[in-house]
Amino acid sequence: MATMTWQGTNYGTQLMVLTGRSLRKFFNTPALIFFSILQPLIMLTLFSQIFSSITSTANFAPGMTYVNYLLPAILVNTAMQSSLQSGVGLVTDMKDGVIARFRSLPIRLSTVLLARNLSDSVRTGGQLLLMIVFGVLVFGFAPAGGVLGTLAAMGLALAVGWALSWVFLAIGAWVRNAELMQSIGFLAMFPLMFASSAFVPTAALPSWLQAVANVNPLTYAVDASRSLALAQPVTGVVGALVTSLTIAVIGAAFAIRGFRRPL
Amino acid sequence: MSELMIEASNVSKTFGDVRALDGVSITVPKGSVLGLLGHNGAGKTTLVNLLTTMLPPTDGEAKVAGFDVVHQAHQVRSRIGLTGQFAAVDEALSGFDNLVLIARLLGASKRQAQARSDELMEMFDLTDAAKRKAKTYSGGMRRRLDLAASLVGRPEVLFLDEPTTGLDPSSRLGMWEIVEKLVSDGTTVLLTTQYLDEADRLADSITVLSQGKVVASGTSAELKAQVGQRTVTVTLESASEVHAACDALTKIGMHPVSEGLTITTPVAATRDLATIVRALDDNGLEVHDIALGEPTLDDVYLALAAA
């Protein structure tokens with residue numbers, strides 16, 4: 001019998017191999033690629049058409065096209081929705097027994113979560129980029145911030161998605177049930193999404209909703225993203241990044257604790 | 001005395017109020033197979049989870065390959081392979097990629113990982129399906145892939161938790177042959193099963209668990225000797241002689257039971273077989289067949305696990 005045995009590897013390699021696995025899994029599943037592309041495009045198409053007349057109201061700056069107003073917000077929304085998939089993906093892996101297999105290997109368990117988070121961020125980045133290209137080519141997205149402003153807005157959306165992905169990983173690690181995850185996710189996301197400045201300026205909302213929107217963290221993330229893309233005076237970018245980082249650290253701590261519990 | 005590869009002393013595990021394991025001690029010498037027999041819920045899987053570092057024991061300690069399962073979990077994990085009740089394979093990846101992934105996580109280089117994966121796909125007769133996604137595999141193929149995955153690191157100790165549950169007879173046989181091959185190469189195996197024939201065929205020694213406790217252990221022969229009596233079965237040539245044969249056996253102190261042409265009687269020792277043959281011969285009775293029967297593991301299992 002061969003005596004060569006492998007005694008484990010460093011965290012960097014573990015992270016790289018596990019991230020590669022998640023990405024490969026994604027690219028191996030055409031249906032998943034299709035829907036993760038389709039969903040944001042449908043959102044962009046629908047909302048840009050439904051609300052396009054809104055820009056003629058008093059709450060909009062003159063000359064503002066709706067797609068320019070909407071796209072930076074949809075970037076944040078898409079990143080947020082993708083982050084839910086992190087948690088769902090983790091739960092699916094647990095159910096398939098893949099995580100049980102990983103647990104019997106000499107690897108650090110937290111790298112499994114880090115890899116999930118990292119690969120999902122890469123995937124979300126691809127989604128956002130695609131949306132921007134689609135917005136430019138089909139809907140005439142041409143923000144004042146230009147390429148740099150748009151990329152900055154995308155970066156901010158990614159940071160928000162990255163942070164929320166830790167939250168959903170934490171929920172997934174504790175709840176361990178995909179259906180329940182989905183329900184919690186949608187329940188949390190829909191009110192956040194609509195009771196915010198994402199689709200219309202908060203000034204256009206009924207006063208009670210306006211009050212909600214003003215305390216909704218998503219409003220601040222969307223405003224920050226928009227200010228970058230539209231080259232408006234930059235508002236709340238630092239705040240959004242610091243908040244994201246804080247949420248990520250807390251989420252990661254809970255995620256790792258929850259994940260360490262026996263299956 | 002050969003080296004012990006698994007050593008559990010007095011381990012217990014409680015989940016809330018449920019005592020899943022209650023002071024279990026087992027030892028498995030290097031290169032041997034321990035069969036863990038028991039009903040669903042007897043504590044077999046809990047014991048496996050404990051020995052494979054997946055669960056910490058509530059009480060007691062255990063060593064695998066000489067390392068403590070709690071304090072030296074990393075060393076234990078580098079030396080074990082685990083095949084659970086449900087195939088733990090990544091369905092969206094090809095069979096080959098599943099193995100490469102594990103080899104890489106164990107510390108193999110890309111080239112080593114591919115070479116090892118090729119070797120295992122060949123060994124498990126999966127080469128033709130190597131590039132196909134695991135979700136297209138049949139149940140038997142999936143189990144083979146799962147077992148292959150647990151062998152990537154050439155483990156010193158292999159844990160098989162009901163490895164053939166749900167497999168068709170030919171896949172079961174294939175699985176048994178693979179396990180026998182591994183053992184002949186020096187791997188130590190702990191096997192849990194509900195199938196008596198499986199334990200009988202593969203295990204050097206058997207431990208019977210019931211409600212979290214060890215209720216019996218020993219070799220298959222020892223367990224049978226402990227529980228069941230051996231029996232002699234005589235088949236006669238002619239039905240007219242059955243009555244006479246029973247009389248002859250009763251006269252020498254036996255308790256024969258007849259059914260058709262066959263007579264069965266419990267015996268205390270092997271030499272009773274000769275006594276029976278002589279008694280029948282002295283009475284001029286024609287014997288078609290005579291056999292000394294061992295009690296089956298079913299007898300052992302039912303007697304002990306039900307107790």
# chains A, B, ... in the order shown; residues from 1 in each chain; ligands from 1
>>> select_by_dssp(residues="range 63-252 of chain B", states="strand (DSSP E or B)", output="number ranges by chain")
B: 63-64, 67-68, 80-83, 94, 133, 157-161, 188-193, 205-210, 213-218, 230-236
>>> write_last_selection(atoms="N, CA, C and O atoms", output="short mmCIF file (atom, residue, chain, number, x, y, z; two decimals), in the first residue's frame")
data_model
loop_
_atom_site.label_atom_id
_atom_site.label_comp_id
_atom_site.auth_asym_id
_atom_site.auth_seq_id
_atom_site.Cartn_x
_atom_site.Cartn_y
_atom_site.Cartn_z
N LYS B 63 -10.05 7.46 20.92
CA LYS B 63 -8.88 7.73 20.08
C LYS B 63 -9.04 6.98 18.77
O LYS B 63 -9.50 5.83 18.75
N VAL B 64 -8.67 7.67 17.70
CA VAL B 64 -8.67 7.03 16.38
C VAL B 64 -7.28 7.22 15.79
O VAL B 64 -6.76 8.34 15.79
N PHE B 67 -5.01 9.22 17.95
CA PHE B 67 -5.26 10.63 18.26
C PHE B 67 -6.62 10.81 18.92
O PHE B 67 -7.59 10.14 18.55
N ASP B 68 -6.66 11.73 19.84
CA ASP B 68 -7.90 12.00 20.57
C ASP B 68 -8.91 12.70 19.64
O ASP B 68 -8.57 13.69 18.99
N ILE B 80 -8.70 9.49 8.44
CA ILE B 80 -9.90 8.68 8.33
C ILE B 80 -10.64 8.93 7.01
O ILE B 80 -10.41 9.93 6.34
N GLY B 81 -11.49 7.99 6.68
CA GLY B 81 -12.42 8.18 5.57
C GLY B 81 -13.79 7.86 6.11
O GLY B 81 -13.93 7.01 6.99
N LEU B 82 -14.80 8.58 5.60
CA LEU B 82 -16.15 8.35 6.11
C LEU B 82 -17.14 8.23 4.96
O LEU B 82 -17.19 9.08 4.09
N THR B 83 -17.87 7.15 4.97
CA THR B 83 -18.96 7.00 4.02
C THR B 83 -20.24 6.87 4.82
O THR B 83 -20.41 5.92 5.57
N SER B 94 -18.90 16.74 -11.81
CA SER B 94 -18.69 15.40 -12.35
C SER B 94 -18.10 14.52 -11.26
O SER B 94 -17.56 15.01 -10.26
N LYS B 133 -21.94 14.47 -14.77
CA LYS B 133 -22.34 15.02 -13.48
C LYS B 133 -22.84 13.91 -12.57
O LYS B 133 -23.54 13.00 -13.03
N VAL B 157 -8.03 4.49 8.69
CA VAL B 157 -9.25 3.95 9.29
C VAL B 157 -10.45 4.41 8.45
O VAL B 157 -10.59 5.59 8.14
N LEU B 158 -11.26 3.46 8.07
CA LEU B 158 -12.41 3.77 7.24
C LEU B 158 -13.70 3.49 8.01
O LEU B 158 -13.87 2.42 8.60
N PHE B 159 -14.59 4.48 8.02
CA PHE B 159 -15.88 4.31 8.68
C PHE B 159 -16.97 4.16 7.62
O PHE B 159 -17.10 5.03 6.76
N LEU B 160 -17.68 3.08 7.68
CA LEU B 160 -18.74 2.84 6.71
C LEU B 160 -20.05 2.75 7.47
O LEU B 160 -20.29 1.78 8.21
N ASP B 161 -20.88 3.76 7.31
CA ASP B 161 -22.16 3.77 8.02
C ASP B 161 -23.24 3.23 7.10
O ASP B 161 -23.68 3.92 6.18
N THR B 188 -8.10 -0.40 8.35
CA THR B 188 -8.96 -0.78 9.47
C THR B 188 -10.35 -0.25 9.19
O THR B 188 -10.49 0.89 8.74
N VAL B 189 -11.36 -1.07 9.43
CA VAL B 189 -12.71 -0.66 9.05
C VAL B 189 -13.67 -0.79 10.23
O VAL B 189 -13.66 -1.78 10.95
N LEU B 190 -14.48 0.25 10.40
CA LEU B 190 -15.63 0.13 11.29
C LEU B 190 -16.87 0.23 10.43
O LEU B 190 -17.03 1.20 9.68
N LEU B 191 -17.69 -0.78 10.50
CA LEU B 191 -18.83 -0.90 9.61
C LEU B 191 -20.11 -0.99 10.44
O LEU B 191 -20.19 -1.80 11.35
N THR B 192 -21.06 -0.12 10.16
CA THR B 192 -22.34 -0.31 10.84
C THR B 192 -23.29 -0.93 9.85
O THR B 192 -23.22 -0.66 8.65
N THR B 193 -24.15 -1.77 10.32
CA THR B 193 -25.07 -2.42 9.41
C THR B 193 -26.29 -2.95 10.16
O THR B 193 -26.25 -3.16 11.37
N SER B 205 -14.87 -8.99 14.09
CA SER B 205 -15.60 -9.09 15.35
C SER B 205 -16.82 -8.19 15.27
O SER B 205 -16.86 -7.25 14.47
N ILE B 206 -17.78 -8.51 16.07
CA ILE B 206 -19.07 -7.84 15.99
C ILE B 206 -19.44 -7.30 17.36
O ILE B 206 -19.22 -7.95 18.38
N THR B 207 -19.96 -6.06 17.36
CA THR B 207 -20.48 -5.48 18.59
C THR B 207 -21.95 -5.19 18.35
O THR B 207 -22.30 -4.56 17.36
N VAL B 208 -22.79 -5.68 19.24
CA VAL B 208 -24.22 -5.43 19.09
C VAL B 208 -24.62 -4.29 20.01
O VAL B 208 -24.34 -4.33 21.21
N LEU B 209 -25.20 -3.25 19.42
CA LEU B 209 -25.66 -2.09 20.19
C LEU B 209 -27.18 -2.15 20.32
O LEU B 209 -27.87 -2.50 19.37
N SER B 210 -27.65 -1.81 21.50
CA SER B 210 -29.09 -1.68 21.68
C SER B 210 -29.34 -0.55 22.66
O SER B 210 -28.75 -0.54 23.74
N LYS B 213 -26.31 1.02 24.26
CA LYS B 213 -25.40 0.20 25.08
C LYS B 213 -24.89 -0.98 24.28
O LYS B 213 -25.58 -1.49 23.40
N VAL B 214 -23.67 -1.43 24.64
CA VAL B 214 -23.15 -2.65 24.03
C VAL B 214 -23.81 -3.82 24.75
O VAL B 214 -23.69 -3.95 25.96
N VAL B 215 -24.54 -4.63 23.98
CA VAL B 215 -25.20 -5.76 24.64
C VAL B 215 -24.46 -7.07 24.38
O VAL B 215 -24.67 -8.05 25.08
N ALA B 216 -23.59 -7.07 23.39
CA ALA B 216 -22.79 -8.26 23.16
C ALA B 216 -21.64 -7.90 22.24
O ALA B 216 -21.76 -6.99 21.43
N SER B 217 -20.52 -8.62 22.40
CA SER B 217 -19.46 -8.44 21.41
C SER B 217 -18.61 -9.69 21.37
O SER B 217 -18.54 -10.45 22.34
N GLY B 218 -18.00 -9.88 20.24
CA GLY B 218 -17.17 -11.07 20.05
C GLY B 218 -17.12 -11.40 18.57
O GLY B 218 -17.63 -10.65 17.75
N ARG B 230 -26.39 -25.29 18.88
CA ARG B 230 -26.21 -25.89 17.56
C ARG B 230 -27.21 -27.02 17.39
O ARG B 230 -27.69 -27.59 18.37
N THR B 231 -27.51 -27.30 16.17
CA THR B 231 -28.51 -28.34 15.91
C THR B 231 -27.98 -29.33 14.88
O THR B 231 -27.14 -28.96 14.05
N VAL B 232 -28.48 -30.55 14.98
CA VAL B 232 -28.16 -31.54 13.95
C VAL B 232 -29.45 -31.80 13.18
O VAL B 232 -30.51 -31.97 13.77
N THR B 233 -29.34 -31.75 11.86
CA THR B 233 -30.49 -32.01 11.01
C THR B 233 -30.25 -33.30 10.24
O THR B 233 -29.24 -33.43 9.55
N VAL B 234 -31.15 -34.23 10.42
CA VAL B 234 -31.03 -35.53 9.73
C VAL B 234 -32.14 -35.63 8.69
O VAL B 234 -33.30 -35.35 9.00
N THR B 235 -31.77 -35.99 7.48
CA THR B 235 -32.78 -36.22 6.46
C THR B 235 -32.77 -37.72 6.13
O THR B 235 -31.70 -38.28 5.85
N LEU B 236 -33.94 -38.33 6.23
CA LEU B 236 -34.02 -39.78 6.00
C LEU B 236 -34.41 -40.08 4.56
O LEU B 236 -34.91 -39.22 3.84
#
>>> interface_residues(of="chain A", to="chain B", cutoff="10 Å", atoms="only C-alpha atoms", output="JSON, numbers by chain")
{"A": [1, 2, 3, 4, 5, 6, 7, 8, 9, 10, 11, 13, 14, 15, 16, 17, 18, 20, 21, 22, 24, 25, 26, 27, 28, 29, 93, 94, 95, 96, 97, 98, 99, 100, 101, 102, 103, 104, 105, 106, 107, 108, 260, 261, 262, 263]}
>>> residues_around(residues="Ser9 in chain B", least_positions_apart="4", cutoff="8 Å", atoms="only C-alpha atoms", output="PyMOL selection string")
chain B and resi 23-26+60-62
>>> select_by_dssp(residues="range 184-280 of chain B", states="alpha helix (DSSP H)", output="PDB file with N, CA and C atoms, in the first residue's frame")
ATOM      1  N   SER B 184      -7.679  -6.224   2.998  1.00  0.00           N
ATOM      2  CA  SER B 184      -6.491  -7.030   2.697  1.00  0.00           C
ATOM      3  C   SER B 184      -5.281  -6.135   2.453  1.00  0.00           C
ATOM      4  N   LEU B 196     -27.330  -8.830   8.836  1.00  0.00           N
ATOM      5  CA  LEU B 196     -26.539  -9.814   9.543  1.00  0.00           C
ATOM      6  C   LEU B 196     -25.563 -10.510   8.620  1.00  0.00           C
ATOM      7  N   ASP B 197     -26.011 -10.776   7.401  1.00  0.00           N
ATOM      8  CA  ASP B 197     -25.107 -11.458   6.469  1.00  0.00           C
ATOM      9  C   ASP B 197     -23.903 -10.587   6.161  1.00  0.00           C
ATOM     10  N   GLU B 198     -24.138  -9.263   6.152  1.00  0.00           N
ATOM     11  CA  GLU B 198     -23.043  -8.341   5.862  1.00  0.00           C
ATOM     12  C   GLU B 198     -21.994  -8.379   6.979  1.00  0.00           C
ATOM     13  N   ALA B 199     -22.464  -8.306   8.224  1.00  0.00           N
ATOM     14  CA  ALA B 199     -21.551  -8.372   9.360  1.00  0.00           C
ATOM     15  C   ALA B 199     -20.848  -9.721   9.381  1.00  0.00           C
ATOM     16  N   ASP B 200     -21.622 -10.768   9.109  1.00  0.00           N
ATOM     17  CA  ASP B 200     -21.070 -12.114   9.127  1.00  0.00           C
ATOM     18  C   ASP B 200     -19.954 -12.273   8.104  1.00  0.00           C
ATOM     19  N   ARG B 201     -20.189 -11.674   6.940  1.00  0.00           N
ATOM     20  CA  ARG B 201     -19.206 -11.841   5.871  1.00  0.00           C
ATOM     21  C   ARG B 201     -17.977 -10.953   6.060  1.00  0.00           C
ATOM     22  N   LEU B 202     -18.192  -9.703   6.481  1.00  0.00           N
ATOM     23  CA  LEU B 202     -17.080  -8.750   6.467  1.00  0.00           C
ATOM     24  C   LEU B 202     -16.354  -8.605   7.804  1.00  0.00           C
ATOM     25  N   SER B 220     -18.157 -13.584  15.272  1.00  0.00           N
ATOM     26  CA  SER B 220     -19.449 -14.101  14.854  1.00  0.00           C
ATOM     27  C   SER B 220     -19.696 -15.472  15.503  1.00  0.00           C
ATOM     28  N   ALA B 221     -18.664 -16.326  15.515  1.00  0.00           N
ATOM     29  CA  ALA B 221     -18.800 -17.667  16.091  1.00  0.00           C
ATOM     30  C   ALA B 221     -19.056 -17.589  17.591  1.00  0.00           C
ATOM     31  N   GLU B 222     -18.349 -16.683  18.270  1.00  0.00           N
ATOM     32  CA  GLU B 222     -18.526 -16.543  19.725  1.00  0.00           C
ATOM     33  C   GLU B 222     -19.947 -16.104  20.073  1.00  0.00           C
ATOM     34  N   LEU B 223     -20.444 -15.136  19.277  1.00  0.00           N
ATOM     35  CA  LEU B 223     -21.786 -14.659  19.547  1.00  0.00           C
ATOM     36  C   LEU B 223     -22.814 -15.765  19.369  1.00  0.00           C
ATOM     37  N   LYS B 224     -22.595 -16.531  18.311  1.00  0.00           N
ATOM     38  CA  LYS B 224     -23.531 -17.613  18.044  1.00  0.00           C
ATOM     39  C   LYS B 224     -23.471 -18.647  19.160  1.00  0.00           C
ATOM     40  N   ALA B 225     -22.249 -18.949  19.626  1.00  0.00           N
ATOM     41  CA  ALA B 225     -22.085 -19.942  20.691  1.00  0.00           C
ATOM     42  C   ALA B 225     -22.751 -19.452  21.965  1.00  0.00           C
ATOM     43  N   GLN B 226     -22.659 -18.116  22.149  1.00  0.00           N
ATOM     44  CA  GLN B 226     -23.211 -17.511  23.359  1.00  0.00           C
ATOM     45  C   GLN B 226     -24.731 -17.606  23.394  1.00  0.00           C
ATOM     46  N   VAL B 227     -25.321 -17.535  22.234  1.00  0.00           N
ATOM     47  CA  VAL B 227     -26.771 -17.461  22.193  1.00  0.00           C
ATOM     48  C   VAL B 227     -27.442 -18.754  21.767  1.00  0.00           C
ATOM     49  N   VAL B 242     -39.172 -42.331   9.786  1.00  0.00           N
ATOM     50  CA  VAL B 242     -39.066 -41.120  10.608  1.00  0.00           C
ATOM     51  C   VAL B 242     -39.395 -41.411  12.072  1.00  0.00           C
ATOM     52  N   HIS B 243     -40.465 -42.185  12.262  1.00  0.00           N
ATOM     53  CA  HIS B 243     -40.903 -42.466  13.623  1.00  0.00           C
ATOM     54  C   HIS B 243     -39.840 -43.251  14.403  1.00  0.00           C
ATOM     55  N   ALA B 244     -39.309 -44.270  13.744  1.00  0.00           N
ATOM     56  CA  ALA B 244     -38.284 -45.110  14.363  1.00  0.00           C
ATOM     57  C   ALA B 244     -37.046 -44.301  14.707  1.00  0.00           C
ATOM     58  N   ALA B 245     -36.705 -43.381  13.803  1.00  0.00           N
ATOM     59  CA  ALA B 245     -35.511 -42.559  14.021  1.00  0.00           C
ATOM     60  C   ALA B 245     -35.709 -41.662  15.235  1.00  0.00           C
ATOM     61  N   CYS B 246     -36.896 -41.084  15.356  1.00  0.00           N
ATOM     62  CA  CYS B 246     -37.175 -40.211  16.508  1.00  0.00           C
ATOM     63  C   CYS B 246     -37.056 -41.011  17.812  1.00  0.00           C
ATOM     64  N   ASP B 247     -37.605 -42.226  17.783  1.00  0.00           N
ATOM     65  CA  ASP B 247     -37.504 -43.078  18.961  1.00  0.00           C
ATOM     66  C   ASP B 247     -36.048 -43.341  19.328  1.00  0.00           C
ATOM     67  N   ALA B 248     -35.259 -43.687  18.309  1.00  0.00           N
ATOM     68  CA  ALA B 248     -33.844 -43.997  18.534  1.00  0.00           C
ATOM     69  C   ALA B 248     -33.123 -42.808  19.159  1.00  0.00           C
ATOM     70  N   LEU B 249     -33.443 -41.599  18.691  1.00  0.00           N
ATOM     71  CA  LEU B 249     -32.768 -40.409  19.200  1.00  0.00           C
ATOM     72  C   LEU B 249     -33.243 -40.065  20.616  1.00  0.00           C
ATOM     73  N   THR B 250     -34.518 -40.267  20.852  1.00  0.00           N
ATOM     74  CA  THR B 250     -35.049 -40.008  22.189  1.00  0.00           C
ATOM     75  C   THR B 250     -34.374 -40.932  23.213  1.00  0.00           C
ATOM     76  N   LYS B 251     -34.136 -42.199  22.785  1.00  0.00           N
ATOM     77  CA  LYS B 251     -33.501 -43.170  23.672  1.00  0.00           C
ATOM     78  C   LYS B 251     -32.110 -42.741  24.107  1.00  0.00           C
ATOM     79  N   ASP B 272     -21.679 -35.218  19.721  1.00  0.00           N
ATOM     80  CA  ASP B 272     -23.045 -35.753  19.679  1.00  0.00           C
ATOM     81  C   ASP B 272     -23.430 -36.176  18.273  1.00  0.00           C
ATOM     82  N   LEU B 273     -22.776 -35.560  17.303  1.00  0.00           N
ATOM     83  CA  LEU B 273     -23.050 -35.922  15.904  1.00  0.00           C
ATOM     84  C   LEU B 273     -22.729 -37.395  15.679  1.00  0.00           C
ATOM     85  N   ALA B 274     -21.582 -37.840  16.211  1.00  0.00           N
ATOM     86  CA  ALA B 274     -21.168 -39.242  16.065  1.00  0.00           C
ATOM     87  C   ALA B 274     -22.146 -40.163  16.780  1.00  0.00           C
ATOM     88  N   THR B 275     -22.567 -39.746  17.973  1.00  0.00           N
ATOM     89  CA  THR B 275     -23.527 -40.536  18.744  1.00  0.00           C
ATOM     90  C   THR B 275     -24.818 -40.752  17.964  1.00  0.00           C
ATOM     91  N   ILE B 276     -25.257 -39.667  17.313  1.00  0.00           N
ATOM     92  CA  ILE B 276     -26.497 -39.737  16.532  1.00  0.00           C
ATOM     93  C   ILE B 276     -26.345 -40.686  15.357  1.00  0.00           C
ATOM     94  N   VAL B 277     -25.232 -40.550  14.646  1.00  0.00           N
ATOM     95  CA  VAL B 277     -24.984 -41.415  13.484  1.00  0.00           C
ATOM     96  C   VAL B 277     -24.980 -42.880  13.920  1.00  0.00           C
ATOM     97  N   ARG B 278     -24.314 -43.160  15.060  1.00  0.00           N
ATOM     98  CA  ARG B 278     -24.227 -44.535  15.558  1.00  0.00           C
ATOM     99  C   ARG B 278     -25.615 -45.065  15.919  1.00  0.00           C
ATOM    100  N   ALA B 279     -26.405 -44.258  16.621  1.00  0.00           N
ATOM    101  CA  ALA B 279     -27.735 -44.690  17.053  1.00  0.00           C
ATOM    102  C   ALA B 279     -28.613 -45.030  15.851  1.00  0.00           C
ATOM    103  N   LEU B 280     -28.531 -44.203  14.806  1.00  0.00           N
ATOM    104  CA  LEU B 280     -29.345 -44.440  13.616  1.00  0.00           C
ATOM    105  C   LEU B 280     -28.879 -45.709  12.907  1.00  0.00           C
TER     106      LEU B 280
END
>>> decode(residues="range 104-181 of chain A", atoms="C-alpha atoms", output="mmCIF file, in the first residue's frame")
data_model
loop_
_atom_site.group_PDB
_atom_site.id
_atom_site.type_symbol
_atom_site.label_atom_id
_atom_site.label_comp_id
_atom_site.auth_asym_id
_atom_site.auth_seq_id
_atom_site.Cartn_x
_atom_site.Cartn_y
_atom_site.Cartn_z
ATOM 1 C CA SER A 104 -14.731 14.945 7.950
ATOM 2 C CA LEU A 105 -11.770 16.532 6.152
ATOM 3 C CA PRO A 106 -8.861 18.298 7.832
ATOM 4 C CA ILE A 107 -9.976 21.766 6.751
ATOM 5 C CA ARG A 108 -11.031 24.845 8.637
ATOM 6 C CA LEU A 109 -14.823 25.036 8.581
ATOM 7 C CA SER A 110 -14.923 28.813 8.309
ATOM 8 C CA THR A 111 -13.222 28.610 4.896
ATOM 9 C CA VAL A 112 -16.331 26.844 3.610
ATOM 10 C CA LEU A 113 -18.341 29.960 4.475
ATOM 11 C CA LEU A 114 -15.695 32.382 3.240
ATOM 12 C CA ALA A 115 -15.566 30.528 -0.069
ATOM 13 C CA ARG A 116 -19.321 30.614 -0.428
ATOM 14 C CA ASN A 117 -19.338 34.348 0.267
ATOM 15 C CA LEU A 118 -16.486 34.992 -2.122
ATOM 16 C CA SER A 119 -17.874 32.965 -5.006
ATOM 17 C CA ASP A 120 -21.293 34.540 -4.586
ATOM 18 C CA SER A 121 -19.719 37.995 -4.691
ATOM 19 C CA VAL A 122 -17.951 37.102 -7.927
ATOM 20 C CA ARG A 123 -21.225 35.853 -9.358
ATOM 21 C CA THR A 124 -23.083 38.956 -8.255
ATOM 22 C CA GLY A 125 -20.364 41.113 -9.777
ATOM 23 C CA GLY A 126 -20.978 39.399 -13.105
ATOM 24 C CA GLN A 127 -24.721 39.942 -12.793
ATOM 25 C CA LEU A 128 -24.323 43.638 -12.049
ATOM 26 C CA LEU A 129 -21.911 44.163 -14.900
ATOM 27 C CA LEU A 130 -24.305 42.498 -17.273
ATOM 28 C CA MET A 131 -27.156 44.692 -16.102
ATOM 29 C CA ILE A 132 -25.148 47.816 -16.660
ATOM 30 C CA VAL A 133 -24.226 46.750 -20.191
ATOM 31 C CA PHE A 134 -27.842 45.856 -20.897
ATOM 32 C CA GLY A 135 -29.003 49.184 -19.454
ATOM 33 C CA VAL A 136 -26.583 51.115 -21.647
ATOM 34 C CA LEU A 137 -27.325 49.211 -24.840
ATOM 35 C CA VAL A 138 -31.090 48.764 -24.557
ATOM 36 C CA PHE A 139 -32.405 51.515 -22.344
ATOM 37 C CA GLY A 140 -29.923 54.258 -22.975
ATOM 38 C CA PHE A 141 -28.455 54.349 -19.502
ATOM 39 C CA ALA A 142 -26.020 57.256 -19.626
ATOM 40 C CA PRO A 143 -25.357 58.574 -16.143
ATOM 41 C CA ALA A 144 -23.469 61.780 -15.495
ATOM 42 C CA GLY A 145 -20.903 59.897 -13.443
ATOM 43 C CA GLY A 146 -19.697 58.060 -16.539
ATOM 44 C CA VAL A 147 -17.878 54.752 -16.457
ATOM 45 C CA LEU A 148 -16.038 55.494 -13.234
ATOM 46 C CA GLY A 149 -19.125 56.653 -11.393
ATOM 47 C CA THR A 150 -21.062 53.622 -12.573
ATOM 48 C CA LEU A 151 -18.305 51.231 -11.517
ATOM 49 C CA ALA A 152 -18.142 52.947 -8.137
ATOM 50 C CA ALA A 153 -21.903 52.511 -7.769
ATOM 51 C CA MET A 154 -21.509 48.870 -8.696
ATOM 52 C CA GLY A 155 -18.712 48.461 -6.143
ATOM 53 C CA LEU A 156 -20.938 49.913 -3.473
ATOM 54 C CA ALA A 157 -23.796 47.581 -4.436
ATOM 55 C CA LEU A 158 -21.359 44.672 -4.228
ATOM 56 C CA ALA A 159 -20.274 45.731 -0.749
ATOM 57 C CA VAL A 160 -23.896 45.790 0.373
ATOM 58 C CA GLY A 161 -24.529 42.361 -1.186
ATOM 59 C CA TRP A 162 -21.366 40.985 0.380
ATOM 60 C CA ALA A 163 -22.442 42.150 3.817
ATOM 61 C CA LEU A 164 -25.983 40.804 3.435
ATOM 62 C CA SER A 165 -24.611 37.538 2.154
ATOM 63 C CA TRP A 166 -23.038 37.090 5.602
ATOM 64 C CA VAL A 167 -26.396 37.776 7.182
ATOM 65 C CA PHE A 168 -28.059 35.110 5.057
ATOM 66 C CA LEU A 169 -25.187 32.697 5.638
ATOM 67 C CA ALA A 170 -25.755 33.213 9.353
ATOM 68 C CA ILE A 171 -29.489 32.605 8.986
ATOM 69 C CA GLY A 172 -28.794 29.552 6.832
ATOM 70 C CA ALA A 173 -26.275 28.159 9.310
ATOM 71 C CA TRP A 174 -28.794 28.406 12.136
ATOM 72 C CA VAL A 175 -32.074 27.715 10.357
ATOM 73 C CA ARG A 176 -30.792 24.989 8.004
ATOM 74 C CA ASN A 177 -33.958 24.898 5.949
ATOM 75 C CA ALA A 178 -34.071 26.222 2.395
ATOM 76 C CA GLU A 179 -37.820 26.905 2.218
ATOM 77 C CA LEU A 180 -37.778 28.798 5.484
ATOM 78 C CA MET A 181 -34.743 30.739 4.269
#
